[in-house]
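Structure file model_19.cif; described as mmCIF, C-alpha atoms.
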data_model
loop_
_atom_site.group_PDB
_atom_site.id
_atom_site.type_symbol
_atom_site.label_atom_id
_atom_site.label_comp_id
_atom_site.auth_asym_id
_atom_site.auth_seq_id
_atom_site.Cartn_x
_atom_site.Cartn_y
_atom_site.Cartn_z
ATOM 1 C CA MET E 1 169.644 8.527 50.656
ATOM 2 C CA GLN E 2 170.682 6.363 47.725
ATOM 3 C CA SER E 3 168.891 8.626 45.226
ATOM 4 C CA ALA E 4 170.701 11.693 46.614
ATOM 5 C CA GLU E 5 174.040 9.949 46.122
ATOM 6 C CA LEU E 6 173.060 8.983 42.583
ATOM 7 C CA ILE E 7 172.059 12.557 41.705
ATOM 8 C CA LEU E 8 175.274 13.933 43.205
ATOM 9 C CA GLY E 9 177.318 11.401 41.231
ATOM 10 C CA LEU E 10 175.523 12.330 38.000
ATOM 11 C CA LEU E 11 176.121 16.039 38.613
ATOM 12 C CA ILE E 12 179.826 15.393 39.193
ATOM 13 C CA ALA E 13 179.969 13.332 35.991
ATOM 14 C CA VAL E 14 178.266 16.131 34.027
ATOM 15 C CA ALA E 15 180.694 18.737 35.408
ATOM 16 C CA ALA E 16 183.676 16.532 34.545
ATOM 17 C CA LEU E 17 182.429 15.861 31.006
ATOM 18 C CA VAL E 18 181.749 19.554 30.339
ATOM 19 C CA THR E 19 185.216 20.468 31.626
ATOM 20 C CA ILE E 20 186.881 17.853 29.424
ATOM 21 C CA ALA E 21 184.862 18.975 26.389
ATOM 22 C CA ARG E 22 185.869 22.615 26.879
ATOM 23 C CA ARG E 23 189.550 21.725 27.213
ATOM 24 C CA LEU E 24 189.406 19.664 24.023
ATOM 25 C CA GLY E 25 187.410 22.322 22.178
ATOM 26 C CA ILE E 26 184.524 19.969 21.416
ATOM 27 C CA ALA E 27 180.861 20.865 21.871
ATOM 28 C CA TYR E 28 179.838 19.695 25.343
ATOM 29 C CA PRO E 29 176.456 18.185 24.312
ATOM 30 C CA ILE E 30 178.376 15.595 22.283
ATOM 31 C CA PHE E 31 180.361 14.602 25.357
ATOM 32 C CA LEU E 32 177.210 14.477 27.486
ATOM 33 C CA VAL E 33 175.495 12.139 25.024
ATOM 34 C CA ILE E 34 178.542 9.885 24.851
ATOM 35 C CA GLY E 35 178.824 9.933 28.639
ATOM 36 C CA GLY E 36 175.153 9.005 28.983
ATOM 37 C CA LEU E 37 175.581 6.141 26.553
ATOM 38 C CA LEU E 38 178.612 4.859 28.438
ATOM 39 C CA LEU E 39 176.794 5.230 31.759
ATOM 40 C CA GLY E 40 173.972 3.127 30.376
ATOM 41 C CA LEU E 41 176.430 0.325 29.656
ATOM 42 C CA VAL E 42 177.847 0.201 33.195
ATOM 43 C CA PRO E 43 176.457 -2.825 35.040
ATOM 44 C CA GLY E 44 174.850 -2.215 38.413
ATOM 45 C CA VAL E 45 173.728 1.353 37.753
ATOM 46 C CA PRO E 46 170.044 1.664 38.684
ATOM 47 C CA ARG E 47 167.617 2.228 35.841
ATOM 48 C CA ILE E 48 166.154 5.732 35.809
ATOM 49 C CA GLU E 49 162.873 6.329 34.032
ATOM 50 C CA ILE E 50 161.854 9.895 33.241
ATOM 51 C CA ASP E 51 158.531 11.000 31.835
ATOM 52 C CA PRO E 52 159.072 12.173 28.221
ATOM 53 C CA ASP E 53 156.804 15.178 28.831
ATOM 54 C CA LEU E 54 159.210 16.338 31.535
ATOM 55 C CA ILE E 55 162.095 16.245 29.070
ATOM 56 C CA PHE E 56 160.167 18.118 26.360
ATOM 57 C CA LEU E 57 158.769 20.769 28.695
ATOM 58 C CA VAL E 58 161.564 21.321 31.240
ATOM 59 C CA VAL E 59 164.905 20.135 29.866
ATOM 60 C CA LEU E 60 164.734 20.753 26.115
ATOM 61 C CA PRO E 61 163.682 24.462 26.014
ATOM 62 C CA PRO E 62 166.699 25.770 28.002
ATOM 63 C CA LEU E 63 169.065 23.661 25.902
ATOM 64 C CA LEU E 64 167.588 24.987 22.662
ATOM 65 C CA TYR E 65 167.672 28.564 23.968
ATOM 66 C CA ILE E 66 171.339 28.352 24.928
ATOM 67 C CA ALA E 67 172.252 26.695 21.624
ATOM 68 C CA ALA E 68 170.358 29.368 19.666
ATOM 69 C CA PHE E 69 171.864 32.178 21.714
ATOM 70 C CA PHE E 70 175.448 31.083 21.057
ATOM 71 C CA THR E 71 175.001 30.059 17.412
ATOM 72 C CA PRO E 72 176.972 32.381 15.130
ATOM 73 C CA VAL E 73 174.801 34.113 12.532
ATOM 74 C CA THR E 74 177.291 33.262 9.782
ATOM 75 C CA SER E 75 176.954 29.531 10.520
ATOM 76 C CA LEU E 76 173.192 29.850 10.564
ATOM 77 C CA ARG E 77 173.166 31.585 7.180
ATOM 78 C CA ALA E 78 175.606 29.056 5.721
ATOM 79 C CA ASN E 79 173.361 26.150 6.764
ATOM 80 C CA LEU E 80 170.004 27.826 6.164
ATOM 81 C CA GLY E 81 169.158 25.650 3.152
ATOM 82 C CA ILE E 82 169.816 22.420 5.046
ATOM 83 C CA ILE E 83 167.922 23.628 8.118
ATOM 84 C CA GLY E 84 164.954 24.700 5.998
ATOM 85 C CA SER E 85 164.793 21.451 4.056
ATOM 86 C CA LEU E 86 164.943 19.402 7.263
ATOM 87 C CA ALA E 87 162.176 21.518 8.803
ATOM 88 C CA ILE E 88 159.960 21.075 5.737
ATOM 89 C CA ALA E 89 160.613 17.324 5.633
ATOM 90 C CA TRP E 90 159.860 16.959 9.346
ATOM 91 C CA SER E 91 156.673 18.998 9.219
ATOM 92 C CA SER E 92 155.369 17.192 6.120
ATOM 93 C CA ARG E 93 156.020 13.847 7.774
ATOM 94 C CA ARG E 94 154.309 14.995 10.976
ATOM 95 C CA ARG E 95 151.248 16.164 9.077
ATOM 96 C CA SER E 96 150.244 12.559 8.496
ATOM 97 C CA ARG E 97 150.543 11.697 12.232
ATOM 98 C CA PRO E 98 149.630 13.909 15.203
ATOM 99 C CA LEU E 99 152.312 14.805 17.727
ATOM 100 C CA PRO E 100 152.252 12.544 20.790
ATOM 101 C CA LEU E 101 151.961 15.516 23.166
ATOM 102 C CA LEU E 102 148.929 16.878 21.338
ATOM 103 C CA ALA E 103 147.201 13.532 20.823
ATOM 104 C CA ARG E 104 146.346 13.050 24.505
#
Show me, as structure tokens, the structure contained in the file I just sent.
Amino acid sequence: MQSAELILGLLIAVAALVTIARRLGIAYPIFLVIGGLLLGLVPGVPRIEIDPDLIFLVVLPPLLYIAAFFTPVTSLRANLGIIGSLAIAWSSRRRSRPLPLLAR
């Protein structure tokens, strides 16, 4: 029963943070990250360990899809040089080491 209460509390916290972010006009992922960091500093909160593969395969794809769907094309074109250079730098760095998901 304690895990159900914890999940319900986290869902309420997420809803509150998203509502506050929308009212302030700030991107809600920023508020969620800050809220998660603050939640990690609260004493007495049980430690939750999640498999990284679960995050990469279940949580990350919907977030990236929503972010890509609502990204204005003008902003994408304005930042295309930065995005491209970061992608090239990341892929060249990863070429020397295999990805952890593929190394298993």
Apply the PyMOL selection byres ((chain E and resi 32-39) around 10) to the displayed file and report the matching residues as a PDB file with C-alpha atoms, in the coordinates of the input.
ATOM      1  CA  LEU E  10     175.523  12.330  38.000  1.00  0.00           C
ATOM      2  CA  ALA E  13     179.969  13.332  35.991  1.00  0.00           C
ATOM      3  CA  VAL E  14     178.266  16.131  34.027  1.00  0.00           C
ATOM      4  CA  ALA E  15     180.694  18.737  35.408  1.00  0.00           C
ATOM      5  CA  ALA E  16     183.676  16.532  34.545  1.00  0.00           C
ATOM      6  CA  LEU E  17     182.429  15.861  31.006  1.00  0.00           C
ATOM      7  CA  VAL E  18     181.749  19.554  30.339  1.00  0.00           C
ATOM      8  CA  ALA E  21     184.862  18.975  26.389  1.00  0.00           C
ATOM      9  CA  ALA E  27     180.861  20.865  21.871  1.00  0.00           C
ATOM     10  CA  TYR E  28     179.838  19.695  25.343  1.00  0.00           C
ATOM     11  CA  PRO E  29     176.456  18.185  24.312  1.00  0.00           C
ATOM     12  CA  ILE E  30     178.376  15.595  22.283  1.00  0.00           C
ATOM     13  CA  PHE E  31     180.361  14.602  25.357  1.00  0.00           C
ATOM     14  CA  GLY E  40     173.972   3.127  30.376  1.00  0.00           C
ATOM     15  CA  LEU E  41     176.430   0.325  29.656  1.00  0.00           C
ATOM     16  CA  VAL E  42     177.847   0.201  33.195  1.00  0.00           C
ATOM     17  CA  PRO E  43     176.457  -2.825  35.040  1.00  0.00           C
ATOM     18  CA  VAL E  45     173.728   1.353  37.753  1.00  0.00           C
TER      19      VAL E  45
END
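Here atom CA of E:Leu11 is placed at a distance of 18.3 Å from atom CA of E:Gly44.
What separates atom CA of E:Leu6 from atom CA of E:Pro61 is a distance of 24.5 Å.
Between atom CA of E:Ile66 and atom CA of E:Gly25 there is a distance of 17.4 Å.
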